[in-house]
Each structure stands twice: as structure tokens, then as C-alpha cells.
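J.: So here's my_file33.cif (mmCIF, C-alpha atoms).
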```
data_run
#
loop_
_atom_site.group_PDB
_atom_site.id
_atom_site.type_symbol
_atom_site.label_atom_id
_atom_site.label_comp_id
_atom_site.auth_asym_id
_atom_site.auth_seq_id
_atom_site.Cartn_x
_atom_site.Cartn_y
_atom_site.Cartn_z
ATOM 1 C CA MET X 272 11.499 -21.257 25.486
ATOM 2 C CA THR X 273 12.159 -20.892 29.211
ATOM 3 C CA ASN X 274 9.372 -20.265 31.721
ATOM 4 C CA ARG X 275 11.035 -17.013 32.623
ATOM 5 C CA ARG X 276 10.974 -15.791 29.023
ATOM 6 C CA LYS X 277 7.347 -16.849 28.571
ATOM 7 C CA LEU X 278 6.463 -14.842 31.649
ATOM 8 C CA THR X 279 8.299 -11.712 30.520
ATOM 9 C CA LEU X 280 6.754 -11.876 27.058
ATOM 10 C CA ALA X 281 3.309 -12.268 28.599
ATOM 11 C CA VAL X 282 3.899 -9.172 30.716
ATOM 12 C CA ALA X 283 4.924 -7.215 27.626
ATOM 13 C CA ALA X 284 1.811 -8.352 25.779
ATOM 14 C CA SER X 285 -0.498 -7.340 28.605
ATOM 15 C CA ALA X 286 1.089 -3.824 28.757
ATOM 16 C CA LEU X 287 1.043 -3.822 25.033
ATOM 17 C CA LEU X 288 1.985 -1.740 22.840
ATOM 18 C CA ILE X 289 0.574 1.024 24.919
ATOM 19 C CA GLY X 290 3.434 1.917 27.222
ATOM 20 C CA GLY X 291 6.062 0.740 24.758
ATOM 21 C CA ALA X 292 8.138 -1.205 27.288
ATOM 22 C CA THR X 293 9.783 -4.338 25.952
ATOM 23 C CA ALA X 294 10.430 -7.639 27.679
ATOM 24 C CA CYS X 295 13.331 -8.446 25.387
ATOM 25 C CA GLY X 296 16.097 -7.480 27.754
ATOM 26 C CA THR X 297 19.819 -7.876 28.126
ATOM 27 C CA GLU X 298 20.285 -11.133 29.992
ATOM 28 C CA ARG X 299 20.027 -13.585 27.135
ATOM 29 C CA THR X 300 23.179 -13.956 25.052
ATOM 30 C CA THR X 301 21.900 -15.995 22.079
ATOM 31 C CA PRO X 302 19.453 -14.120 19.843
ATOM 32 C CA VAL X 303 16.139 -15.912 19.335
ATOM 33 C CA GLY X 304 16.093 -17.610 15.958
ATOM 34 C CA ALA X 305 19.834 -17.356 15.372
ATOM 35 C CA GLY X 306 21.804 -20.137 13.815
ATOM 36 C CA ALA X 307 20.075 -22.838 11.751
ATOM 37 C CA GLN X 308 16.872 -20.853 11.423
ATOM 38 C CA ALA X 309 18.481 -18.135 9.315
ATOM 39 C CA PRO X 310 18.880 -18.998 5.609
ATOM 40 C CA ALA X 311 22.386 -18.738 4.216
ATOM 41 C CA LYS X 312 23.440 -15.267 3.172
ATOM 42 C CA ALA X 313 23.294 -14.781 -0.567
ATOM 43 C CA ALA X 314 26.512 -14.177 -2.436
ATOM 44 C CA GLY X 315 27.354 -10.531 -2.882
ATOM 45 C CA ALA X 316 24.958 -9.331 -0.213
ATOM 46 C CA ALA X 317 27.362 -6.468 0.487
ATOM 47 C CA GLY X 318 26.214 -4.964 3.732
ATOM 48 C CA GLY X 319 22.833 -6.640 3.726
ATOM 49 C CA TYR X 320 20.714 -3.535 3.194
ATOM 50 C CA GLY X 321 19.194 -4.875 0.003
ATOM 51 C CA ASP X 322 21.084 -2.528 -2.284
ATOM 52 C CA GLY X 323 23.407 -5.248 -3.533
ATOM 53 C CA GLY X 324 26.471 -3.371 -2.415
ATOM 54 C CA TYR X 325 25.788 -0.302 -4.513
ATOM 55 C CA GLY X 326 25.481 1.913 -1.459
ATOM 56 C CA ASP X 327 22.456 4.153 -1.925
ATOM 57 C CA GLY X 328 22.449 3.761 -5.699
ATOM 58 C CA GLY X 329 19.131 1.953 -5.807
ATOM 59 C CA TYR X 330 20.306 -0.768 -8.157
ATOM 60 C CA GLY X 331 18.389 -3.309 -6.121
ATOM 61 C CA SER X 332 20.452 -6.334 -7.073
ATOM 62 C CA ALA X 333 19.019 -8.180 -4.056
ATOM 63 C CA GLY X 334 22.310 -9.979 -3.571
ATOM 64 C CA GLY X 335 22.592 -10.897 -7.219
ATOM 65 C CA GLY X 336 24.103 -14.304 -6.592
ATOM 66 C CA ASP X 337 21.035 -16.443 -7.197
ATOM 67 C CA GLY X 338 20.878 -17.242 -10.885
ATOM 68 C CA ALA X 339 23.379 -14.536 -11.741
ATOM 69 C CA GLY X 340 24.314 -14.500 -15.404
ATOM 70 C CA ALA X 341 20.834 -15.564 -16.538
ATOM 71 C CA GLY X 342 20.502 -14.761 -20.219
ATOM 72 C CA THR X 343 17.540 -13.683 -22.276
ATOM 73 C CA ALA X 344 16.113 -16.118 -24.792
ATOM 74 C CA SER X 345 16.519 -15.116 -28.424
ATOM 75 C CA GLY X 346 13.451 -14.887 -30.608
ATOM 76 C CA PRO X 347 10.180 -12.951 -30.640
ATOM 77 C CA LEU X 348 8.975 -10.996 -27.619
ATOM 78 C CA ALA X 349 5.714 -12.007 -25.982
ATOM 79 C CA VAL X 350 3.000 -9.951 -24.289
ATOM 80 C CA ARG X 351 1.088 -11.526 -21.420
ATOM 81 C CA GLN X 352 -1.409 -10.619 -18.741
ATOM 82 C CA ASP X 353 -0.177 -10.894 -15.157
ATOM 83 C CA ALA X 354 -2.826 -11.314 -12.452
ATOM 84 C CA LYS X 355 -1.342 -8.503 -10.333
ATOM 85 C CA LEU X 356 0.533 -6.289 -12.779
ATOM 86 C CA GLY X 357 -1.628 -6.418 -15.904
ATOM 87 C CA THR X 358 -0.033 -6.295 -19.358
ATOM 88 C CA LEU X 359 3.725 -6.836 -19.489
ATOM 89 C CA VAL X 360 6.438 -7.996 -21.867
ATOM 90 C CA ALA X 361 8.299 -11.322 -21.649
ATOM 91 C CA ASP X 362 11.052 -12.872 -23.737
ATOM 92 C CA SER X 363 10.436 -15.839 -26.011
ATOM 93 C CA ALA X 364 10.959 -18.235 -23.080
ATOM 94 C CA GLY X 365 8.322 -16.470 -20.972
ATOM 95 C CA PHE X 366 10.666 -14.589 -18.602
ATOM 96 C CA THR X 367 9.515 -11.124 -17.522
ATOM 97 C CA LEU X 368 11.433 -8.121 -18.849
ATOM 98 C CA TYR X 369 12.119 -5.024 -16.742
ATOM 99 C CA ARG X 370 13.091 -1.354 -16.979
ATOM 100 C CA PHE X 371 15.247 0.660 -14.574
ATOM 101 C CA ASP X 372 14.286 4.123 -13.259
ATOM 102 C CA LYS X 373 17.916 5.289 -13.307
ATOM 103 C CA ASP X 374 18.111 4.712 -17.067
ATOM 104 C CA THR X 375 16.789 7.291 -19.521
ATOM 105 C CA ALA X 376 14.490 6.868 -22.513
ATOM 106 C CA SER X 377 15.126 10.135 -24.371
ATOM 107 C CA PRO X 378 17.885 9.727 -25.240
ATOM 108 C CA SER X 379 18.048 5.983 -24.535
ATOM 109 C CA ARG X 380 20.796 5.222 -22.043
ATOM 110 C CA SER X 381 21.595 2.339 -19.706
ATOM 111 C CA ASN X 382 23.045 3.087 -16.276
ATOM 112 C CA CYS X 383 23.232 -0.575 -15.232
ATOM 113 C CA ALA X 384 26.702 -2.056 -15.711
ATOM 114 C CA GLY X 385 29.177 -4.297 -13.894
ATOM 115 C CA ALA X 386 27.636 -6.163 -10.958
ATOM 116 C CA CYS X 387 24.275 -4.539 -11.694
ATOM 117 C CA ALA X 388 24.254 -6.137 -15.162
ATOM 118 C CA THR X 389 25.023 -9.501 -13.567
ATOM 119 C CA ALA X 390 21.878 -9.318 -11.474
ATOM 120 C CA TRP X 391 19.918 -7.676 -14.327
ATOM 121 C CA PRO X 392 21.191 -9.112 -17.651
ATOM 122 C CA PRO X 393 20.576 -6.679 -20.529
ATOM 123 C CA VAL X 394 18.333 -7.996 -23.303
ATOM 124 C CA PRO X 395 20.431 -8.111 -26.494
ATOM 125 C CA ALA X 396 19.185 -6.325 -29.581
ATOM 126 C CA GLY X 397 19.417 -8.100 -32.928
ATOM 127 C CA THR X 398 18.605 -11.620 -31.756
ATOM 128 C CA THR X 399 15.437 -10.403 -30.012
ATOM 129 C CA LEU X 400 12.503 -9.741 -32.350
ATOM 130 C CA PRO X 401 9.463 -7.500 -31.728
ATOM 131 C CA GLY X 402 7.016 -10.412 -31.811
ATOM 132 C CA ALA X 403 3.823 -9.285 -30.061
ATOM 133 C CA VAL X 404 5.282 -5.856 -29.196
ATOM 134 C CA PRO X 405 4.526 -3.086 -31.725
ATOM 135 C CA LYS X 406 7.541 -2.604 -33.987
ATOM 136 C CA GLY X 407 7.423 1.134 -33.390
ATOM 137 C CA SER X 408 8.118 0.561 -29.668
ATOM 138 C CA VAL X 409 11.242 -1.523 -30.218
ATOM 139 C CA GLY X 410 14.718 -0.094 -30.702
ATOM 140 C CA SER X 411 18.264 -0.447 -29.424
ATOM 141 C CA VAL X 412 20.918 1.439 -27.497
ATOM 142 C CA ASP X 413 24.704 1.112 -27.553
ATOM 143 C CA ARG X 414 26.060 0.018 -24.188
ATOM 144 C CA ALA X 415 29.413 1.153 -22.797
ATOM 145 C CA ASP X 416 30.912 -2.287 -23.540
ATOM 146 C CA GLY X 417 30.064 -1.954 -27.246
ATOM 147 C CA THR X 418 27.093 -4.334 -27.274
ATOM 148 C CA LYS X 419 23.582 -3.339 -28.329
ATOM 149 C CA GLN X 420 20.706 -3.578 -25.871
ATOM 150 C CA LEU X 421 17.027 -3.816 -26.732
ATOM 151 C CA THR X 422 14.824 -0.847 -25.850
ATOM 152 C CA ILE X 423 11.038 -0.661 -25.527
ATOM 153 C CA GLY X 424 9.536 2.808 -25.696
ATOM 154 C CA GLY X 425 13.121 4.081 -25.512
ATOM 155 C CA TRP X 426 13.807 2.313 -22.197
ATOM 156 C CA PRO X 427 16.622 -0.280 -22.064
ATOM 157 C CA VAL X 428 15.160 -3.617 -20.924
ATOM 158 C CA TYR X 429 16.568 -6.414 -18.763
ATOM 159 C CA ARG X 430 15.923 -9.864 -17.342
ATOM 160 C CA TYR X 431 16.174 -10.464 -13.579
ATOM 161 C CA ALA X 432 18.518 -13.214 -12.377
ATOM 162 C CA LYS X 433 16.184 -14.172 -9.530
ATOM 163 C CA ASP X 434 13.332 -14.961 -11.903
ATOM 164 C CA THR X 435 14.131 -18.657 -12.164
ATOM 165 C CA ALA X 436 10.981 -19.786 -13.990
ATOM 166 C CA PRO X 437 8.800 -18.306 -16.737
ATOM 167 C CA GLY X 438 6.029 -16.053 -15.486
ATOM 168 C CA GLN X 439 7.760 -14.923 -12.292
ATOM 169 C CA THR X 440 7.902 -11.209 -11.436
ATOM 170 C CA ASN X 441 10.361 -11.231 -8.510
ATOM 171 C CA GLY X 442 12.035 -8.102 -9.872
ATOM 172 C CA GLN X 443 8.930 -5.917 -9.593
ATOM 173 C CA GLY X 444 9.632 -2.970 -7.304
ATOM 174 C CA VAL X 445 13.103 -4.119 -6.255
ATOM 175 C CA GLY X 446 14.993 -1.172 -4.804
ATOM 176 C CA GLY X 447 12.023 1.019 -5.695
ATOM 177 C CA THR X 448 13.579 1.389 -9.170
ATOM 178 C CA TRP X 449 12.906 -1.812 -11.143
ATOM 179 C CA PHE X 450 9.579 -2.541 -12.822
ATOM 180 C CA ALA X 451 8.188 -4.953 -15.373
ATOM 181 C CA VAL X 452 7.811 -3.180 -18.704
ATOM 182 C CA THR X 453 4.676 -2.797 -20.822
ATOM 183 C CA PRO X 454 4.649 -2.966 -24.656
ATOM 184 C CA GLU X 455 4.733 0.853 -24.655
ATOM 185 C CA GLY X 456 7.756 1.003 -22.343
ATOM 186 C CA LYS X 457 5.783 2.073 -19.268
ATOM 187 C CA LYS X 458 5.927 0.544 -15.781
ATOM 188 C CA ALA X 459 3.594 -2.422 -15.390
ATOM 189 C CA GLY X 460 1.210 -2.300 -12.448
ATOM 190 C CA GLN X 461 1.745 1.388 -11.726
ATOM 191 C CA GLY X 462 -1.727 2.670 -12.488
ATOM 192 C CA GLY X 463 -0.556 5.543 -14.639
ATOM 193 C CA ALA X 464 2.473 6.605 -12.596
ATOM 194 C CA GLY X 465 4.455 9.276 -14.400
ATOM 195 C CA GLU X 466 7.555 8.422 -16.401
ATOM 196 C CA GLY X 467 10.819 8.727 -14.535
ATOM 197 C CA GLY X 468 9.041 8.759 -11.191
ATOM 198 C CA THR X 469 9.468 6.388 -8.305
ATOM 199 C CA ALA X 470 5.926 5.183 -7.819
ATOM 200 C CA GLY X 471 7.251 1.994 -6.303
ATOM 201 C CA GLN X 472 9.104 3.802 -3.561
ATOM 202 C CA GLY X 473 6.736 3.518 -0.636
ATOM 203 C CA GLY X 474 3.879 3.020 -3.059
ATOM 204 C CA ALA X 475 2.064 0.693 -0.694
ATOM 205 C CA GLU X 476 1.807 3.362 1.970
ATOM 206 C CA GLY X 477 -1.699 4.312 1.005
ATOM 207 C CA GLY X 478 -2.752 0.857 -0.100
ATOM 208 C CA GLY X 479 -4.157 -2.164 1.648
ATOM 209 C CA ALA X 480 -7.624 -3.102 2.726
ATOM 210 C CA ALA X 481 -9.195 -0.830 5.320
ATOM 211 C CA ALA X 482 -11.026 -3.750 6.927
ATOM 212 C CA LEU X 483 -7.871 -5.697 7.769
ATOM 213 C CA PRO X 484 -6.812 -6.116 11.416
ATOM 214 C CA ALA X 485 -3.792 -4.054 12.459
ATOM 215 C CA LEU X 486 -1.783 -7.297 12.381
ATOM 216 C CA SER X 487 -2.832 -10.562 10.750
ATOM 217 C CA THR X 488 -1.585 -13.392 8.537
ATOM 218 C CA VAL X 489 -1.979 -14.172 4.871
ATOM 219 C CA GLU X 490 -1.200 -17.384 2.977
ATOM 220 C CA ASP X 491 1.525 -16.892 0.372
ATOM 221 C CA GLN X 492 1.675 -19.590 -2.299
ATOM 222 C CA ASN X 493 5.434 -20.029 -1.888
ATOM 223 C CA LEU X 494 6.128 -19.087 1.727
ATOM 224 C CA GLY X 495 3.024 -20.248 3.585
ATOM 225 C CA ALA X 496 1.493 -18.079 6.306
ATOM 226 C CA VAL X 497 3.267 -14.729 6.728
ATOM 227 C CA LEU X 498 2.544 -11.565 8.699
ATOM 228 C CA ARG X 499 0.917 -8.488 7.189
ATOM 229 C CA ASP X 500 -0.021 -5.107 8.607
ATOM 230 C CA GLY X 501 -3.360 -3.320 8.497
ATOM 231 C CA LYS X 502 -2.649 -2.043 4.976
ATOM 232 C CA GLY X 503 -1.944 -5.522 3.646
ATOM 233 C CA ARG X 504 1.816 -5.019 3.478
ATOM 234 C CA THR X 505 4.052 -8.007 4.129
ATOM 235 C CA LEU X 506 6.191 -7.637 7.257
ATOM 236 C CA TYR X 507 9.864 -8.600 7.329
ATOM 237 C CA ARG X 508 12.752 -9.353 9.680
ATOM 238 C CA PHE X 509 16.365 -8.263 9.240
ATOM 239 C CA THR X 510 18.931 -10.911 10.175
ATOM 240 C CA LYS X 511 21.447 -8.237 11.205
ATOM 241 C CA ASP X 512 19.110 -7.233 14.043
ATOM 242 C CA THR X 513 19.320 -9.012 17.401
ATOM 243 C CA ALA X 514 16.553 -10.335 19.616
ATOM 244 C CA TRP X 515 18.263 -10.477 22.999
ATOM 245 C CA PRO X 516 18.953 -7.713 23.647
ATOM 246 C CA MET X 517 16.435 -6.508 21.097
ATOM 247 C CA LYS X 518 18.136 -4.099 18.706
ATOM 248 C CA SER X 519 17.514 -2.745 15.220
ATOM 249 C CA ASN X 520 20.577 -2.418 13.028
ATOM 250 C CA CYS X 521 18.619 -0.861 10.162
ATOM 251 C CA GLN X 522 19.586 2.805 10.356
ATOM 252 C CA GLY X 523 20.219 5.708 7.999
ATOM 253 C CA ALA X 524 19.950 4.783 4.315
ATOM 254 C CA CYS X 525 18.530 1.384 5.255
ATOM 255 C CA LEU X 526 15.408 3.108 6.573
ATOM 256 C CA GLU X 527 14.746 4.658 3.171
ATOM 257 C CA LYS X 528 13.713 1.219 1.911
ATOM 258 C CA TRP X 529 12.715 -0.636 5.079
ATOM 259 C CA LYS X 530 10.156 1.133 7.261
ATOM 260 C CA PRO X 531 9.654 0.156 10.928
ATOM 261 C CA ALA X 532 6.240 -1.419 11.525
ATOM 262 C CA LYS X 533 4.074 0.576 13.907
ATOM 263 C CA PRO X 534 2.916 -0.849 17.263
ATOM 264 C CA VAL X 535 -0.600 -2.292 17.317
ATOM 265 C CA ASP X 536 -3.452 -2.794 19.753
ATOM 266 C CA VAL X 537 -3.570 -6.461 20.809
ATOM 267 C CA ASN X 538 -7.335 -6.343 20.452
ATOM 268 C CA ASP X 539 -6.845 -5.736 16.724
ATOM 269 C CA VAL X 540 -4.658 -8.763 16.049
ATOM 270 C CA LYS X 541 -5.736 -11.948 14.257
ATOM 271 C CA GLY X 542 -3.834 -15.203 13.785
ATOM 272 C CA VAL X 543 -0.920 -14.156 16.020
ATOM 273 C CA ASP X 544 -0.362 -14.925 19.710
ATOM 274 C CA PRO X 545 -0.366 -11.514 21.466
ATOM 275 C CA LYS X 546 2.127 -12.891 23.994
ATOM 276 C CA LEU X 547 4.756 -12.831 21.235
ATOM 277 C CA LEU X 548 4.287 -9.127 20.571
ATOM 278 C CA SER X 549 6.200 -6.264 22.120
ATOM 279 C CA VAL X 550 7.393 -2.753 21.320
ATOM 280 C CA TYR X 551 10.950 -1.716 20.537
ATOM 281 C CA THR X 552 12.059 1.846 21.248
ATOM 282 C CA ARG X 553 14.399 2.898 18.462
ATOM 283 C CA SER X 554 17.465 5.101 18.943
ATOM 284 C CA ASP X 555 15.529 8.086 17.613
ATOM 285 C CA GLY X 556 12.738 7.478 20.137
ATOM 286 C CA GLY X 557 10.322 5.986 17.617
ATOM 287 C CA LYS X 558 8.276 2.929 18.539
ATOM 288 C CA GLN X 559 8.478 -0.254 16.440
ATOM 289 C CA LEU X 560 6.437 -3.457 16.558
ATOM 290 C CA ALA X 561 8.381 -6.633 17.377
ATOM 291 C CA ILE X 562 7.499 -10.322 17.423
ATOM 292 C CA ASP X 563 9.386 -12.817 19.550
ATOM 293 C CA CYS X 564 11.792 -9.939 20.270
ATOM 294 C CA TRP X 565 12.553 -9.294 16.573
ATOM 295 C CA PRO X 566 11.786 -5.808 15.163
ATOM 296 C CA LEU X 567 9.427 -5.837 12.162
ATOM 297 C CA TYR X 568 9.516 -3.755 8.962
ATOM 298 C CA TRP X 569 7.664 -3.258 5.698
ATOM 299 C CA PHE X 570 9.418 -2.878 2.334
ATOM 300 C CA THR X 571 8.953 0.129 0.049
ATOM 301 C CA GLY X 572 9.543 -2.191 -2.913
ATOM 302 C CA ASP X 573 6.198 -3.885 -2.192
ATOM 303 C CA THR X 574 3.924 -1.643 -4.228
ATOM 304 C CA ALA X 575 0.662 -3.535 -3.672
ATOM 305 C CA PRO X 576 -0.846 -5.558 -0.803
ATOM 306 C CA GLY X 577 0.332 -9.164 -0.717
ATOM 307 C CA GLN X 578 3.604 -8.663 -2.564
ATOM 308 C CA VAL X 579 6.768 -10.254 -1.120
ATOM 309 C CA ASN X 580 9.435 -8.487 -3.197
ATOM 310 C CA GLY X 581 11.526 -8.090 -0.045
ATOM 311 C CA GLN X 582 11.926 -11.838 0.458
ATOM 312 C CA GLY X 583 15.618 -12.759 0.455
ATOM 313 C CA VAL X 584 16.833 -9.258 -0.466
ATOM 314 C CA GLY X 585 20.525 -8.965 0.332
ATOM 315 C CA GLY X 586 20.348 -12.436 1.880
ATOM 316 C CA THR X 587 19.269 -10.698 5.094
ATOM 317 C CA TRP X 588 15.587 -9.763 4.739
ATOM 318 C CA PHE X 589 12.806 -12.322 5.109
ATOM 319 C CA ALA X 590 9.049 -12.417 5.544
ATOM 320 C CA VAL X 591 7.921 -13.551 8.993
ATOM 321 C CA THR X 592 5.748 -16.463 10.140
ATOM 322 C CA PRO X 593 3.027 -16.019 12.807
ATOM 323 C CA GLN X 594 5.539 -17.491 15.276
ATOM 324 C CA GLY X 595 8.105 -14.811 14.479
ATOM 325 C CA LYS X 596 10.412 -17.099 12.491
ATOM 326 C CA LEU X 597 11.879 -16.474 9.054
ATOM 327 C CA ALA X 598 9.633 -17.628 6.216
ATOM 328 C CA LYS X 599 11.457 -19.869 3.757
#
```
Any chance you could put this one into C-alpha cells?
T.:
Amino acid sequence: MTNRRKLTLAVAASALLIGGATACGTERTTPVGAGAQAPAKAAGAAGGYGDGGYGDGGYGSAGGGDGAGAGTASGPLAVRQDAKLGTLVADSAGFTLYRFDKDTASPSRSNCAGACATAWPPVPAGTTLPGAVPKGSVGSVDRADGTKQLTIGGWPVYRYAKDTAPGQTNGQGVGGTWFAVTPEGKKAGQGGAGEGGTAGQGGAEGGGAAALPALSTVEDQNLGAVLRDGKGRTLYRFTKDTAWPMKSNCQGACLEKWKPAKPVDVNDVKGVDPKLLSVYTRSDGGKQLAIDCWPLYWFTGDTAPGQVNGQGVGGTWFAVTPQGKLAK
């Protein structure tokens, strides 16, 4: 980092987040963190907004390319207790099973086909046995391609291609429409959210710990130290944004899932160098927190503090280190 840039960032930090002026100007031509720092874009990212190329359909394929085509193990279903989500259903190999808000349970109907079904493989009926799930909860539905899909509580159920090991729940809250399923067919971890609702959409808004600083770090078991806001929500960067000049390219439908992080008081920051912080004025006049000249966001698919469901979505969204870099 040049002395000039250090100086301008320091000026922004001292004004912080009060006047809203940013030091991330127009003279630098190479965005901070561009190039080798950014992980490769996932296959099928389709626009990078985290909708997997389905426009505003909410399918939440998260790029779909990683592990696409993952099948569901035949045999008896299992019921397990997840530390965050409580009781949920897994296949015989231990992989979490999910339901989709855009499906229906009465009558049972799947609205996930084509590329959606690649990212979310339907659980086949017939070779999958009730196991630990009450027999009365288990049924089947005819899919458009003529195959039969397992249902639990009337809801068609799926695996998630990005769950690459038993016990993972990477699909929870994706797109605000995908949730692990309970033995009764309800949404796991939703605390009684009504059927057919979208409790995951922005569900973390009222959550978090009141005692947290406005901006701090938390240690994620896979990603290391990442940024979180005062409500415990993980903060993310969008690789389609630019740092110099600082610009957000998350607009319109993108903002339905990715909410701009609010500016903070530097006196209420822990574990982050205030000199890295600045404020970005969005095109609509709103103020957004930035680190190292990168605008920050939280993800509506994170329905509880500490979740990182936005990591890698669309191959363009990543949690952020205390230095402002992409968490890997």
C-alpha cells in the first residue's frame, strides 16, 4: 500500500463514518484485492447475484457447479440433532435433506427442475426408506420427468450439491427459500415459522447479540477470522464491485438478498483497524460501510448469527477478513 493511500484512508477513518466522505477515489486504476486474491468464479454463476442464473426466481443454486449431480444415498432415512438447527433429516449416508419454499405440500408438487435440480438433486422415492422418520410423514410425488421423488410431510425433499461431507448444512437459507427439513416436513431451525413463509428472508434482521460491538470479528471453523456486524451477522464482499474508484454493483434485485452494511462509529469497533474503514455513498444516497475501499453487505440467507451461507454464492460473494480481503 502506498504512503499516499495510507494517508487518505487515515483521513477517512478520522472523519468516520460521520460525514460519510470516502477516501477511495478515482485515481487508482487497479481495484484493491483484484486478481489472485479473488477465488475462481464458480461454474454457472450466471450474473453473480447468487440466484444461480434463475433471475429473481429464488432457486438459490449458489452457482451449482461445485459437486453438481450429487446423488442421494439409498437406504433408510436418519434423524439427527444439529447444533444450530436442531432436529433434521439426513439420508443414509448422513447428508442433510432440504425442502424448497416454492414447492407445495398440499398437493405435493416440485417446482425445481433443470439446472435447479442439478444443484438440488431430488431424493428418489422407492429406494429411500422411512428409517427413523415416521412412516406417516413419508410419501412420494411424480416429477415432470416421470420419476418419483420422496416427500416428507408432503414436501418434496432434496440434497444440496455443495454439501460435500455428511453433516454439513450449507444449503440452509440459500436464496431465502431452502431449508433443512424436519421429520414432520417443517423447516429446521425456524423456531415455529409458518408453513409456506419465508422466515429465512432477512430473518437475521432482528437477531444477534445486543452486547456486540457495531463491527467486530468472529472465528469461523472453516474460514478463520471474519467480520460481523453488531447483530452477529457475517459481512460479505461482492467481487463485481470495485475498490478504486469505490463502487457497488449490487443494485435492484440483488439488494433483495444482499443488504448494505450500515456505517459504524469507530469507537464501537473491535478487532479491525479503523484506518481501513470508510463510508460509501450509494446511487440512491444511502450510506454503506466499506473496508479497504470495498463495500460490505449482509446476506438475508443467514438466518442466525454466525452463519456463513453466503460464502461462495454465485462464485462472487465471500466473507471478509479483518484486513478486508476475501475469506477462503
J.: What is the distance between CA of Gln420 in chain X and CA of Pro395 in chain X, in Å to one decimal?
T.: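 Between CA of Gln420 in chain X and CA of Pro395 in chain X the gap is 4.6 Å.
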J.: Find, counting all atoms listed in the file, the residue in X:Cys383, X:Cys295, X:Asn580, X:Leu526 that gets nearest to Cys564 in chain X.
T.: X:Cys295
J.: Which residues match the PyMOL selection byres ((chain X and resi 424) around 6) in the file above, as a count of residues only?
T.: 6
J.: Just the number, please: distance in Å from CA of Val535 in chain X to CA of Gln559 in chain X, one decimal.
T.: 9.3 Å
J.: For Lys355 in chain X, which residue out of X:Ser487, X:Gln578, X:Thr418, X:Thr571 is the nearest one, using only C-alpha atoms?
T.: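 For Lys355 in chain X, the nearest of the given residues is X:Gln578.
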J.: If you apply the PyMOL selection byres ((chain X and resi 587-596) around 8) to this file, what residues do you get, as a PyMOL selection string?
T.: chain X and resi 304+308+312+316+319-321+488+496-498+505-511+542-544+547+562-563+565+579+581-586+597-599
J.: Running the PyMOL selection byres ((chain X and resi 443-454) around 6) on this model by hand, what would come out? Give it as a list in words.
T.: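 Taken over the shown coordinates, the PyMOL selection byres ((chain X and resi 443-454) around 6) returns Gly329, Gly331, Leu359, Val360, Leu368, Tyr369, Arg370, Phe371, Asp372, Val404, Thr440, Asn441, Gly442, Glu455, Gly456, Lys457, Lys458, Ala459, Gly471, Gln472 and Gly572 of chain X.
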J.: Would you mind reading off the distance between CA of Pro378 in chain X and CA of Ala361 in chain X, one decimal, in Å?
T.: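 Computing it gives 23.4 Å between the two atoms.
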J.: Between X:Met517, X:Val537, X:Trp529, X:Thr574, which has the minimum distance to Thr552 in chain X (counting all atoms listed in the file)?
T.: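 Under the stated criterion, the closest residue is X:Met517.
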J.: Could you work out an axis-aligned bounding box for all listed atoms of range 412-427 of chain X, with 8 Å added on each of the six sides, and give its centre and edge lengths in Å to one decimal, as AutoDock Vina command-line options?
T.:
```
--center_x 20.2 --center_y -0.1 --center_z -25.2 --size_x 37.4 --size_y 24.4 --size_z 22.3
```
J.: Have a look at X:Asp573, X:Ala432, X:Ala390, X:Pro437 and name the one nearest to Lys528 in chain X; count all atoms listed in the file.
T.: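 Of the candidates, the smallest distance to Lys528 in chain X is held by X:Asp573.
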J.: Anything within 6 Å of (15.8, -8.6, -18.4): list those residues as a list in words, counting only C-alpha atoms and sticking to the file's coordinates.
T.: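 Those residues, ordered by chain and then number, are Leu368, Tyr369, Trp391, Pro392, Pro393, Val394, Val428, Tyr429, Arg430 and Tyr431 of chain X.
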J.: Using C-alpha atoms, can you write the selected residues to a file as a compact mmCIF listing (two decimals), in the frame of the given file?
T.:
```
# COMPACT_ATOMS: atom_id res chain seq x y z
CA LEU X 368 11.43 -8.12 -18.85
CA TYR X 369 12.12 -5.02 -16.74
CA TRP X 391 19.92 -7.68 -14.33
CA PRO X 392 21.19 -9.11 -17.65
CA PRO X 393 20.58 -6.68 -20.53
CA VAL X 394 18.33 -8.00 -23.30
CA VAL X 428 15.16 -3.62 -20.92
CA TYR X 429 16.57 -6.41 -18.76
CA ARG X 430 15.92 -9.86 -17.34
CA TYR X 431 16.17 -10.46 -13.58
```
J.: Might you pull out every residue within 8 Å of Lys530 in chain X, with all atoms listed in the file counted and same-chain residues fewer than 6 positions away left off, and present them as a compact mmCIF listing (two decimals) with C-alpha atoms, in the frame of the given file?
T.:
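selection-v9.txt, written as the output of this step:
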```txt
# COMPACT_ATOMS: atom_id res chain seq x y z
CA TYR X 568 9.52 -3.76 8.96
CA TRP X 569 7.66 -3.26 5.70
CA PHE X 570 9.42 -2.88 2.33
CA THR X 571 8.95 0.13 0.05
```
J.: Find the residue from X:Pro484, X:Pro427, X:Gly523, X:Gly501 that sits nearest to Ser554 in chain X; use only C-alpha atoms when measuring.
T.: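 Counting only C-alpha atoms, the residue closest to Ser554 in chain X is X:Gly523.
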